[in-house]
Amino acid sequence: MTALRAPFTTLALRQAVFCVAGVAGALAVLAVPASVPALGAFVLWASGALATRPTPTVAPLFLVLFPLTLALLVVLAAPIGRAMGAAQRSLAARLLGVRVDPPPPRPSKRLGALVADGPGWRAVGYGLLKVPLAIPAGYGAFCYVFGLVNLSYPVWWPLFRNHPPGTTLGPVRALTPFGTLGTRTFAGTFLIAAAGLAMLYVAPWLMRAATALEVAAMRRLLGPRRLAERVRQLQVTRAQAIDDAAAMMRRLERDLHDGTQIRLATLAMNLGMATEKLGADGPPPDLAQARELVVLAHRGAKDALADLRDLVRGIHPPVLDNGLGDALATLATSSAIPVAVDVDLPDRPAPAIETIAYFCAAELLANAAKHSRASRVGLGVVGAGGRLTLTVEDDGVGGADPAGPGLSGLARRLAVVDGRIRVDSPPGGPTRVGIELPSYV
Amino acid sequence: MRVVIAEDAAMMREGLVRLLTDRGFEVCAAVADPDALRSAIAGCVPDVAIIDIRMPPTHTDEGLRAAIDIRRDHPDVGVLMFSQYVETRYATRLLADRPTGVGYLLKDRVADVADFVDALTRVASGGTALDPEVVGHLMRAGRDTAGLASLTPRERDVLSLMAEGRSNAGIAAALVITPGVVEKHVASIFAKLGLPSSDSDNRRVLAVLRHVSR
């Protein structure tokens, strides 16, 4: 069905527009080298050097102007390449939804930087590459457009059958990739229509191949270089790691300040009051109140201990020292929804990776308990080939937002170790979150 | 004696109310944020307000800023800052305009009920109550290490207690010595640090603090 519908989707139309734009771009690129000799000829003609009389001489004006034009082209090539690259990137983003990051900007406005602009020249290279790439693109667009045109022959054929009988007509011609087809009869138009249909079904494949080639060329030549991209990514994730660490310390301070510290101060206060009620020596002046205060203090001490235990577990769950499997099994038992844990780890990942995986699992289970209304959750961990994959799936209502603060926070923390998160949560469910981490940092 | 309490942790707030009521104070308001504190002060004009430094909404120094406002608008209301940590800059900001009717104590100090009530009473009657931690910080941050080094250990104890805002009698009780001995130590300290001697406890605190935190 999808193959039958392929030519009639907006994607096909968008690809066709993209291909036509590619052909136009290639023609523009071809026009530039052609314009240089043309310009030279024009300058020669204007300066009278082409005149046969008197003796043909190369005009001094030409000797000055032509190299100047060439120099101007060299200087302008990189900025023009950049501008064209930007246009191409936005075209790809709009029509195909393909995002190619822009290369780093030119370091300075000086002439030297203009000529020695690596990304600019790479964009020029892309421009040159457009010429051969225009061949499949043009072919695809041709098949698409003329496929539609040929398909329409039987429709308009009867509209032109108004000449007197017995008139001999020249054949009606139709364009196909294998030359022209001609027909003099109505039946023949169906042959043309069939050819059109065939072209129409071939066109999406051609256009898909052409756009794939274009996009590959764009990623290599119009985006940032691999290394530059990696550096940028590392800068971003490093900044996030620093932010996260600072935020974690702040949260820890806040938790201690507002929880445990307050509990302990109150406990000390109650014990202080109890001490007063008991008196320094002799019979206690107010034994009943002292007892009540001691009971209060006792409860306070137990609450403070529970607080601290939660806090400590939040920093680093001690059971994690026994391995991720044990830790996740313990985590699962404290979940509100029944969790089926399935851990398959041939060897232990690095401690930092175990910690990240554990807290991701904890957050995802908490999310499931809070939002999914699921009746059960599956938690799986598989280690293979230096990668660790953690999946959490539930049978709940779905609709989890990967851009929400919780999941995007996870993505940020994972990015620090080159981990990835994939969220699949259609409205109505079920939700499946996959996390992939390297086993070692 | 009328008290207003501003403390966002409910457990602590209730504990304080209980403690002070038990000790015969009249707690006319116990609130959880600076705005409620301001209207409570305007409403009942207490003798002293106990104010937590970190309060909503940002949990930074709302309490301190409220305290500075209160000291400006109601000079007769003593202000006792209450915090879980010592911040020397907060102390100097509080003491900057006038070191009367002001205190800065760690929350831990409520454990010693008698001392706490004593400090609160002192602040309510226009005196000073600085936490030993605050005093220690100020002294360590001070420049006159030579002057401080010339003090005997006992004199240094007396100086710290003076800086906390205690009277001679209070110092005598804390160190278990007679008031006469305290007086002798005080005179010696003032002579060694080159401070003009003064009878009033407040002016004495001021002189000592100016000296140690200079």
# chains A, B, ... in the order shown; residues from 1 in each chain; ligands from 1
>>> interface_residues(of="chain B", to="chain A", cutoff="8 Å", atoms="only C-alpha atoms", output="ChimeraX atom specification")
/B:9,11-12,15,19,84,107-108,110-113
>>> residues_around(residues="range 30-39 of chain B", least_positions_apart="5", cutoff="10 Å", atoms="only C-alpha atoms", output="ChimeraX atom specification")
/B:3-10,13-14,16-17,44-45,49-57,59,62-67,69-70
>>> write_last_selection(atoms="C-alpha atoms", output="mmCIF file, in the first residue's frame")
data_model
loop_
_atom_site.group_PDB
_atom_site.id
_atom_site.type_symbol
_atom_site.label_atom_id
_atom_site.label_comp_id
_atom_site.auth_asym_id
_atom_site.auth_seq_id
_atom_site.Cartn_x
_atom_site.Cartn_y
_atom_site.Cartn_z
ATOM 1 C CA VAL B 3 7.578 37.823 70.824
ATOM 2 C CA VAL B 4 7.001 37.330 67.104
ATOM 3 C CA ILE B 5 8.482 34.245 65.474
ATOM 4 C CA ALA B 6 9.264 33.990 61.767
ATOM 5 C CA GLU B 7 10.456 30.534 60.839
ATOM 6 C CA ASP B 8 9.455 28.533 57.776
ATOM 7 C CA ALA B 9 10.080 25.065 59.198
ATOM 8 C CA ALA B 10 6.825 24.207 60.947
ATOM 9 C CA ARG B 13 8.300 27.062 64.745
ATOM 10 C CA GLU B 14 5.980 25.000 66.903
ATOM 11 C CA LEU B 16 9.828 27.588 69.691
ATOM 12 C CA VAL B 17 6.264 28.604 70.460
ATOM 13 C CA CYS B 44 1.379 43.702 67.602
ATOM 14 C CA VAL B 45 4.711 45.605 67.973
ATOM 15 C CA ALA B 49 11.272 39.163 66.847
ATOM 16 C CA ILE B 50 12.981 35.833 66.196
ATOM 17 C CA ILE B 51 13.686 35.705 62.465
ATOM 18 C CA ASP B 52 14.997 32.830 60.382
ATOM 19 C CA ILE B 53 17.444 34.158 57.789
ATOM 20 C CA ARG B 54 16.460 31.745 55.021
ATOM 21 C CA MET B 55 12.803 31.979 54.242
ATOM 22 C CA PRO B 56 10.563 31.691 51.198
ATOM 23 C CA PRO B 57 10.341 32.566 48.390
ATOM 24 C CA HIS B 59 15.404 30.816 50.628
ATOM 25 C CA GLU B 62 14.823 37.223 52.946
ATOM 26 C CA GLY B 63 14.818 37.102 56.745
ATOM 27 C CA LEU B 64 17.863 39.331 56.994
ATOM 28 C CA ARG B 65 16.383 41.922 54.676
ATOM 29 C CA ALA B 66 13.125 41.886 56.607
ATOM 30 C CA ALA B 67 15.130 42.312 59.818
ATOM 31 C CA ASP B 69 13.604 46.895 57.448
ATOM 32 C CA ILE B 70 12.133 46.183 60.873
#
>>> residues_around(residues="range 195-204 of chain A", least_positions_apart="2", cutoff="10 Å", atoms="only C-alpha atoms", output="ChimeraX atom specification")
/A:3-9,11-13,15-16,137,139-153,174-177,181,189-193,206-210
>>> closest_atom_pairs(of="range 189-237 of chain A", to="range 75-88 of chain A", cutoff="10 Å", atoms="only C-alpha atoms", output="Markdown table")
| residue | atom | partner | partner_atom | distance |
| --- | --- | --- | --- | --- |
| A:Glu214 | CA | A:Gln88 | CA | 9.9 |
| A:Val215 | CA | A:Gln88 | CA | 9.8 |
| A:Met218 | CA | A:Gly85 | CA | 8.2 |
| A:Leu221 | CA | A:Gly85 | CA | 8.8 |
| A:Leu222 | CA | A:Gly85 | CA | 6.0 |
| A:Gly223 | CA | A:Gly85 | CA | 8.9 |
>>> write_last_selection(atoms="C-alpha atoms", output="tab-separated table (two decimals), in the first residue's frame")
chain	number	residue	atom	x	y	z
A	214	GLU	CA	22.40	15.45	-1.62
A	215	VAL	CA	21.89	15.14	2.13
A	218	MET	CA	25.48	18.38	2.72
A	221	LEU	CA	30.55	19.56	3.24
A	222	LEU	CA	28.04	22.02	4.69
A	223	GLY	CA	28.04	20.93	8.31
>>> residues_around(residues="Ala228 in chain A", least_positions_apart="4", cutoff="12 Å", atoms="only C-alpha atoms", output="mmCIF file with C-alpha atoms, in the first residue's frame")
data_model
loop_
_atom_site.group_PDB
_atom_site.id
_atom_site.type_symbol
_atom_site.label_atom_id
_atom_site.label_comp_id
_atom_site.auth_asym_id
_atom_site.auth_seq_id
_atom_site.Cartn_x
_atom_site.Cartn_y
_atom_site.Cartn_z
ATOM 1 C CA ASP A 101 24.179 22.144 11.824
ATOM 2 C CA PRO A 102 25.853 25.248 10.442
ATOM 3 C CA PRO A 103 29.662 25.264 10.391
ATOM 4 C CA PRO A 104 31.482 27.546 12.855
ATOM 5 C CA PRO A 105 31.300 31.213 11.773
ATOM 6 C CA PRO A 119 34.079 25.900 5.719
ATOM 7 C CA GLY A 223 28.042 20.933 8.312
ATOM 8 C CA PRO A 224 30.791 21.391 10.872
ATOM 9 C CA ARG A 232 31.305 21.380 20.345
ATOM 10 C CA GLN A 233 29.328 18.432 21.668
ATOM 11 C CA LEU A 234 31.920 17.847 24.385
ATOM 12 C CA GLN A 235 31.823 21.512 25.367
#
>>> residues_around(residues="range 417-425 of chain A", least_positions_apart="5", cutoff="12 Å", atoms="only C-alpha atoms", output="PyMOL selection string")
chain A and resi 230+233-234+236-238+240-241+350+352-357+360-361+364+368+371-372+387-404+407-412+430-441
>>> residues_around(residues="Leu94 in chain B", least_positions_apart="3", cutoff="7 Å", atoms="only C-alpha atoms", output="ChimeraX atom specification")
/B:68,90-91
>>> write_last_selection(atoms="N, CA and C atoms", output="compact mmCIF listing (two decimals), in the first residue's frame")
# COMPACT_ATOMS: atom_id res chain seq x y z
N ILE B 68 16.38 44.02 58.62
CA ILE B 68 16.95 45.36 58.46
C ILE B 68 15.82 46.39 58.32
N TYR B 90 26.56 38.71 57.13
CA TYR B 90 25.24 39.02 57.65
C TYR B 90 25.37 39.73 59.00
N ALA B 91 26.28 39.23 59.84
CA ALA B 91 26.45 39.81 61.16
C ALA B 91 26.90 41.26 61.05
>>> select_by_dssp(residues="range 3-208 of chain B", states="strand (DSSP E)", output="list of chain:residue names")
B:Val3, B:Val4, B:Ile5, B:Ala6, B:Glu26, B:Val27, B:Cys28, B:Ala29, B:Ala30, B:Val31, B:Val48, B:Ala49, B:Ile50, B:Ile51, B:Asp52, B:Gly78, B:Val79, B:Leu80, B:Met81, B:Phe82, B:Ser83, B:Val102, B:Gly103, B:Tyr104, B:Leu105, B:Leu106, B:Thr128, B:Ala129, B:Leu130
>>> write_last_selection(atoms="N, CA and C atoms", output="PDB file, in the first residue's frame")
ATOM      1  N   VAL B   3       6.650  38.347  71.831  1.00  0.00           N
ATOM      2  CA  VAL B   3       7.578  37.823  70.824  1.00  0.00           C
ATOM      3  C   VAL B   3       6.830  37.509  69.535  1.00  0.00           C
ATOM      4  N   VAL B   4       7.497  37.807  68.396  1.00  0.00           N
ATOM      5  CA  VAL B   4       7.001  37.330  67.104  1.00  0.00           C
ATOM      6  C   VAL B   4       8.041  36.367  66.561  1.00  0.00           C
ATOM      7  N   ILE B   5       7.561  35.242  66.032  1.00  0.00           N
ATOM      8  CA  ILE B   5       8.482  34.245  65.474  1.00  0.00           C
ATOM      9  C   ILE B   5       8.261  34.133  63.972  1.00  0.00           C
ATOM     10  N   ALA B   6       9.347  34.222  63.212  1.00  0.00           N
ATOM     11  CA  ALA B   6       9.264  33.990  61.767  1.00  0.00           C
ATOM     12  C   ALA B   6      10.215  32.860  61.422  1.00  0.00           C
ATOM     13  N   GLU B  26       4.955  35.914  75.755  1.00  0.00           N
ATOM     14  CA  GLU B  26       3.686  35.953  75.031  1.00  0.00           C
ATOM     15  C   GLU B  26       4.009  35.948  73.531  1.00  0.00           C
ATOM     16  N   VAL B  27       3.755  34.811  72.876  1.00  0.00           N
ATOM     17  CA  VAL B  27       4.030  34.722  71.434  1.00  0.00           C
ATOM     18  C   VAL B  27       2.814  35.261  70.701  1.00  0.00           C
ATOM     19  N   CYS B  28       2.921  36.499  70.173  1.00  0.00           N
ATOM     20  CA  CYS B  28       1.711  37.069  69.572  1.00  0.00           C
ATOM     21  C   CYS B  28       1.567  36.688  68.113  1.00  0.00           C
ATOM     22  N   ALA B  29       2.636  36.197  67.468  1.00  0.00           N
ATOM     23  CA  ALA B  29       2.474  35.680  66.107  1.00  0.00           C
ATOM     24  C   ALA B  29       3.613  34.729  65.805  1.00  0.00           C
ATOM     25  N   ALA B  30       3.288  33.651  65.087  1.00  0.00           N
ATOM     26  CA  ALA B  30       4.329  32.733  64.602  1.00  0.00           C
ATOM     27  C   ALA B  30       4.054  32.525  63.125  1.00  0.00           C
ATOM     28  N   VAL B  31       4.925  33.078  62.266  1.00  0.00           N
ATOM     29  CA  VAL B  31       4.642  33.115  60.832  1.00  0.00           C
ATOM     30  C   VAL B  31       5.743  32.378  60.071  1.00  0.00           C
ATOM     31  N   VAL B  48      10.505  41.707  70.875  1.00  0.00           N
ATOM     32  CA  VAL B  48      11.573  41.080  70.113  1.00  0.00           C
ATOM     33  C   VAL B  48      10.973  40.157  69.054  1.00  0.00           C
ATOM     34  N   ALA B  49      11.692  40.073  67.907  1.00  0.00           N
ATOM     35  CA  ALA B  49      11.272  39.163  66.847  1.00  0.00           C
ATOM     36  C   ALA B  49      12.385  38.156  66.602  1.00  0.00           C
ATOM     37  N   ILE B  50      12.014  36.876  66.550  1.00  0.00           N
ATOM     38  CA  ILE B  50      12.981  35.833  66.196  1.00  0.00           C
ATOM     39  C   ILE B  50      12.791  35.551  64.712  1.00  0.00           C
ATOM     40  N   ILE B  51      13.852  35.784  63.919  1.00  0.00           N
ATOM     41  CA  ILE B  51      13.686  35.705  62.465  1.00  0.00           C
ATOM     42  C   ILE B  51      14.690  34.729  61.866  1.00  0.00           C
ATOM     43  N   ASP B  52      14.157  33.764  61.143  1.00  0.00           N
ATOM     44  CA  ASP B  52      14.997  32.830  60.382  1.00  0.00           C
ATOM     45  C   ASP B  52      15.566  33.594  59.178  1.00  0.00           C
ATOM     46  N   GLY B  78      13.443  44.518  69.246  1.00  0.00           N
ATOM     47  CA  GLY B  78      14.694  43.778  69.166  1.00  0.00           C
ATOM     48  C   GLY B  78      14.595  42.715  68.080  1.00  0.00           C
ATOM     49  N   VAL B  79      15.709  42.430  67.421  1.00  0.00           N
ATOM     50  CA  VAL B  79      15.690  41.460  66.338  1.00  0.00           C
ATOM     51  C   VAL B  79      16.721  40.381  66.615  1.00  0.00           C
ATOM     52  N   LEU B  80      16.255  39.133  66.716  1.00  0.00           N
ATOM     53  CA  LEU B  80      17.173  38.017  66.918  1.00  0.00           C
ATOM     54  C   LEU B  80      17.191  37.165  65.654  1.00  0.00           C
ATOM     55  N   MET B  81      18.305  37.228  64.923  1.00  0.00           N
ATOM     56  CA  MET B  81      18.416  36.416  63.717  1.00  0.00           C
ATOM     57  C   MET B  81      18.718  34.989  64.137  1.00  0.00           C
ATOM     58  N   PHE B  82      18.125  34.077  63.347  1.00  0.00           N
ATOM     59  CA  PHE B  82      18.169  32.688  63.724  1.00  0.00           C
ATOM     60  C   PHE B  82      18.569  31.912  62.474  1.00  0.00           C
ATOM     61  N   SER B  83      19.653  31.180  62.553  1.00  0.00           N
ATOM     62  CA  SER B  83      20.121  30.562  61.319  1.00  0.00           C
ATOM     63  C   SER B  83      20.809  29.239  61.624  1.00  0.00           C
ATOM     64  N   VAL B 102      19.940  43.639  69.055  1.00  0.00           N
ATOM     65  CA  VAL B 102      20.140  42.771  67.918  1.00  0.00           C
ATOM     66  C   VAL B 102      20.877  41.509  68.369  1.00  0.00           C
ATOM     67  N   GLY B 103      20.541  40.403  67.711  1.00  0.00           N
ATOM     68  CA  GLY B 103      21.209  39.155  68.036  1.00  0.00           C
ATOM     69  C   GLY B 103      21.353  38.302  66.798  1.00  0.00           C
ATOM     70  N   TYR B 104      22.290  37.387  66.847  1.00  0.00           N
ATOM     71  CA  TYR B 104      22.500  36.467  65.723  1.00  0.00           C
ATOM     72  C   TYR B 104      22.936  35.149  66.337  1.00  0.00           C
ATOM     73  N   LEU B 105      22.023  34.178  66.351  1.00  0.00           N
ATOM     74  CA  LEU B 105      22.318  32.899  66.995  1.00  0.00           C
ATOM     75  C   LEU B 105      22.145  31.740  66.020  1.00  0.00           C
ATOM     76  N   LEU B 106      22.928  30.719  66.221  1.00  0.00           N
ATOM     77  CA  LEU B 106      22.696  29.462  65.514  1.00  0.00           C
ATOM     78  C   LEU B 106      21.463  28.792  66.113  1.00  0.00           C
ATOM     79  N   THR B 128      22.719  42.968  73.188  1.00  0.00           N
ATOM     80  CA  THR B 128      23.254  42.254  72.033  1.00  0.00           C
ATOM     81  C   THR B 128      23.428  40.786  72.384  1.00  0.00           C
ATOM     82  N   ALA B 129      23.247  39.909  71.407  1.00  0.00           N
ATOM     83  CA  ALA B 129      23.504  38.487  71.626  1.00  0.00           C
ATOM     84  C   ALA B 129      24.100  37.917  70.350  1.00  0.00           C
ATOM     85  N   LEU B 130      25.397  37.726  70.388  1.00  0.00           N
ATOM     86  CA  LEU B 130      26.026  37.130  69.212  1.00  0.00           C
ATOM     87  C   LEU B 130      26.433  35.700  69.531  1.00  0.00           C
TER      88      LEU B 130
END
>>> select_by_dssp(residues="range 236-302 of chain A", states="alpha helix (DSSP H)", output="PyMOL selection string")
chain A and resi 236-255+261-278+287-302
>>> write_last_selection(atoms="C-alpha atoms", output="PDB file, in the first residue's frame")
ATOM      1  CA  VAL A 236      28.063  21.370  25.705  1.00  0.00           C
ATOM      2  CA  THR A 237      28.015  18.142  27.702  1.00  0.00           C
ATOM      3  CA  ARG A 238      30.873  19.339  29.913  1.00  0.00           C
ATOM      4  CA  ALA A 239      28.962  22.495  30.741  1.00  0.00           C
ATOM      5  CA  GLN A 240      25.920  20.365  31.522  1.00  0.00           C
ATOM      6  CA  ALA A 241      27.951  18.060  33.744  1.00  0.00           C
ATOM      7  CA  ILE A 242      29.282  21.029  35.701  1.00  0.00           C
ATOM      8  CA  ASP A 243      25.798  22.504  36.025  1.00  0.00           C
ATOM      9  CA  ASP A 244      24.381  19.178  37.142  1.00  0.00           C
ATOM     10  CA  ALA A 245      27.090  18.708  39.749  1.00  0.00           C
ATOM     11  CA  ALA A 246      26.476  22.200  41.140  1.00  0.00           C
ATOM     12  CA  ALA A 247      22.712  21.660  41.140  1.00  0.00           C
ATOM     13  CA  MET A 248      23.196  18.350  42.931  1.00  0.00           C
ATOM     14  CA  MET A 249      25.262  19.993  45.671  1.00  0.00           C
ATOM     15  CA  ARG A 250      22.637  22.722  46.048  1.00  0.00           C
ATOM     16  CA  ARG A 251      19.874  20.152  46.303  1.00  0.00           C
ATOM     17  CA  LEU A 252      21.859  18.216  48.864  1.00  0.00           C
ATOM     18  CA  GLU A 253      22.464  21.333  50.944  1.00  0.00           C
ATOM     19  CA  ARG A 254      18.783  22.239  50.733  1.00  0.00           C
ATOM     20  CA  ASP A 255      17.698  18.751  51.756  1.00  0.00           C
ATOM     21  CA  GLN A 261      19.245  19.902  60.382  1.00  0.00           C
ATOM     22  CA  ILE A 262      15.837  21.192  61.404  1.00  0.00           C
ATOM     23  CA  ARG A 263      14.886  17.815  62.869  1.00  0.00           C
ATOM     24  CA  LEU A 264      18.083  17.645  64.884  1.00  0.00           C
ATOM     25  CA  ALA A 265      17.752  21.242  66.138  1.00  0.00           C
ATOM     26  CA  THR A 266      14.172  20.555  67.196  1.00  0.00           C
ATOM     27  CA  LEU A 267      15.294  17.342  68.844  1.00  0.00           C
ATOM     28  CA  ALA A 268      17.991  19.218  70.759  1.00  0.00           C
ATOM     29  CA  MET A 269      15.442  21.833  71.764  1.00  0.00           C
ATOM     30  CA  ASN A 270      13.031  19.226  73.084  1.00  0.00           C
ATOM     31  CA  LEU A 271      15.795  17.493  75.000  1.00  0.00           C
ATOM     32  CA  GLY A 272      16.909  20.873  76.396  1.00  0.00           C
ATOM     33  CA  MET A 273      13.381  21.579  77.597  1.00  0.00           C
ATOM     34  CA  ALA A 274      13.104  18.084  79.025  1.00  0.00           C
ATOM     35  CA  THR A 275      16.364  18.573  80.909  1.00  0.00           C
ATOM     36  CA  GLU A 276      14.946  21.729  82.458  1.00  0.00           C
ATOM     37  CA  LYS A 277      11.759  19.940  83.429  1.00  0.00           C
ATOM     38  CA  LEU A 278      13.802  17.236  85.109  1.00  0.00           C
ATOM     39  CA  LEU A 287       8.002  14.860  85.370  1.00  0.00           C
ATOM     40  CA  ALA A 288       4.907  14.525  83.172  1.00  0.00           C
ATOM     41  CA  GLN A 289       6.008  17.260  80.753  1.00  0.00           C
ATOM     42  CA  ALA A 290       9.571  15.962  80.783  1.00  0.00           C
ATOM     43  CA  ARG A 291       8.307  12.527  79.752  1.00  0.00           C
ATOM     44  CA  GLU A 292       6.237  14.019  76.964  1.00  0.00           C
ATOM     45  CA  LEU A 293       9.226  15.978  75.707  1.00  0.00           C
ATOM     46  CA  VAL A 294      11.470  12.925  75.784  1.00  0.00           C
ATOM     47  CA  VAL A 295       8.892  10.971  73.768  1.00  0.00           C
ATOM     48  CA  LEU A 296       8.794  13.843  71.278  1.00  0.00           C
ATOM     49  CA  ALA A 297      12.580  13.908  71.097  1.00  0.00           C
ATOM     50  CA  HIS A 298      12.702  10.146  70.606  1.00  0.00           C
ATOM     51  CA  ARG A 299      10.312  10.336  67.695  1.00  0.00           C
ATOM     52  CA  GLY A 300      12.281  13.261  66.288  1.00  0.00           C
ATOM     53  CA  ALA A 301      15.494  11.250  66.421  1.00  0.00           C
ATOM     54  CA  LYS A 302      13.877   8.369  64.544  1.00  0.00           C
TER      55      LYS A 302
END
>>> atom_distance(atom1="CA of Leu70 in chain A", atom2="CA of Gly127 in chain A")
17.9 Å
>>> closest_residue(among="A:Arg220, A:Leu133, A:Pro171, A:Phe186", to="Ala26 in chain A", atoms="only C-alpha atoms")
A:Leu133
>>> closest_residue(among="B:Glu183, B:Asp76, B:Asp115, B:Asp131", to="Pro46 in chain B", atoms="only C-alpha atoms")
B:Asp76
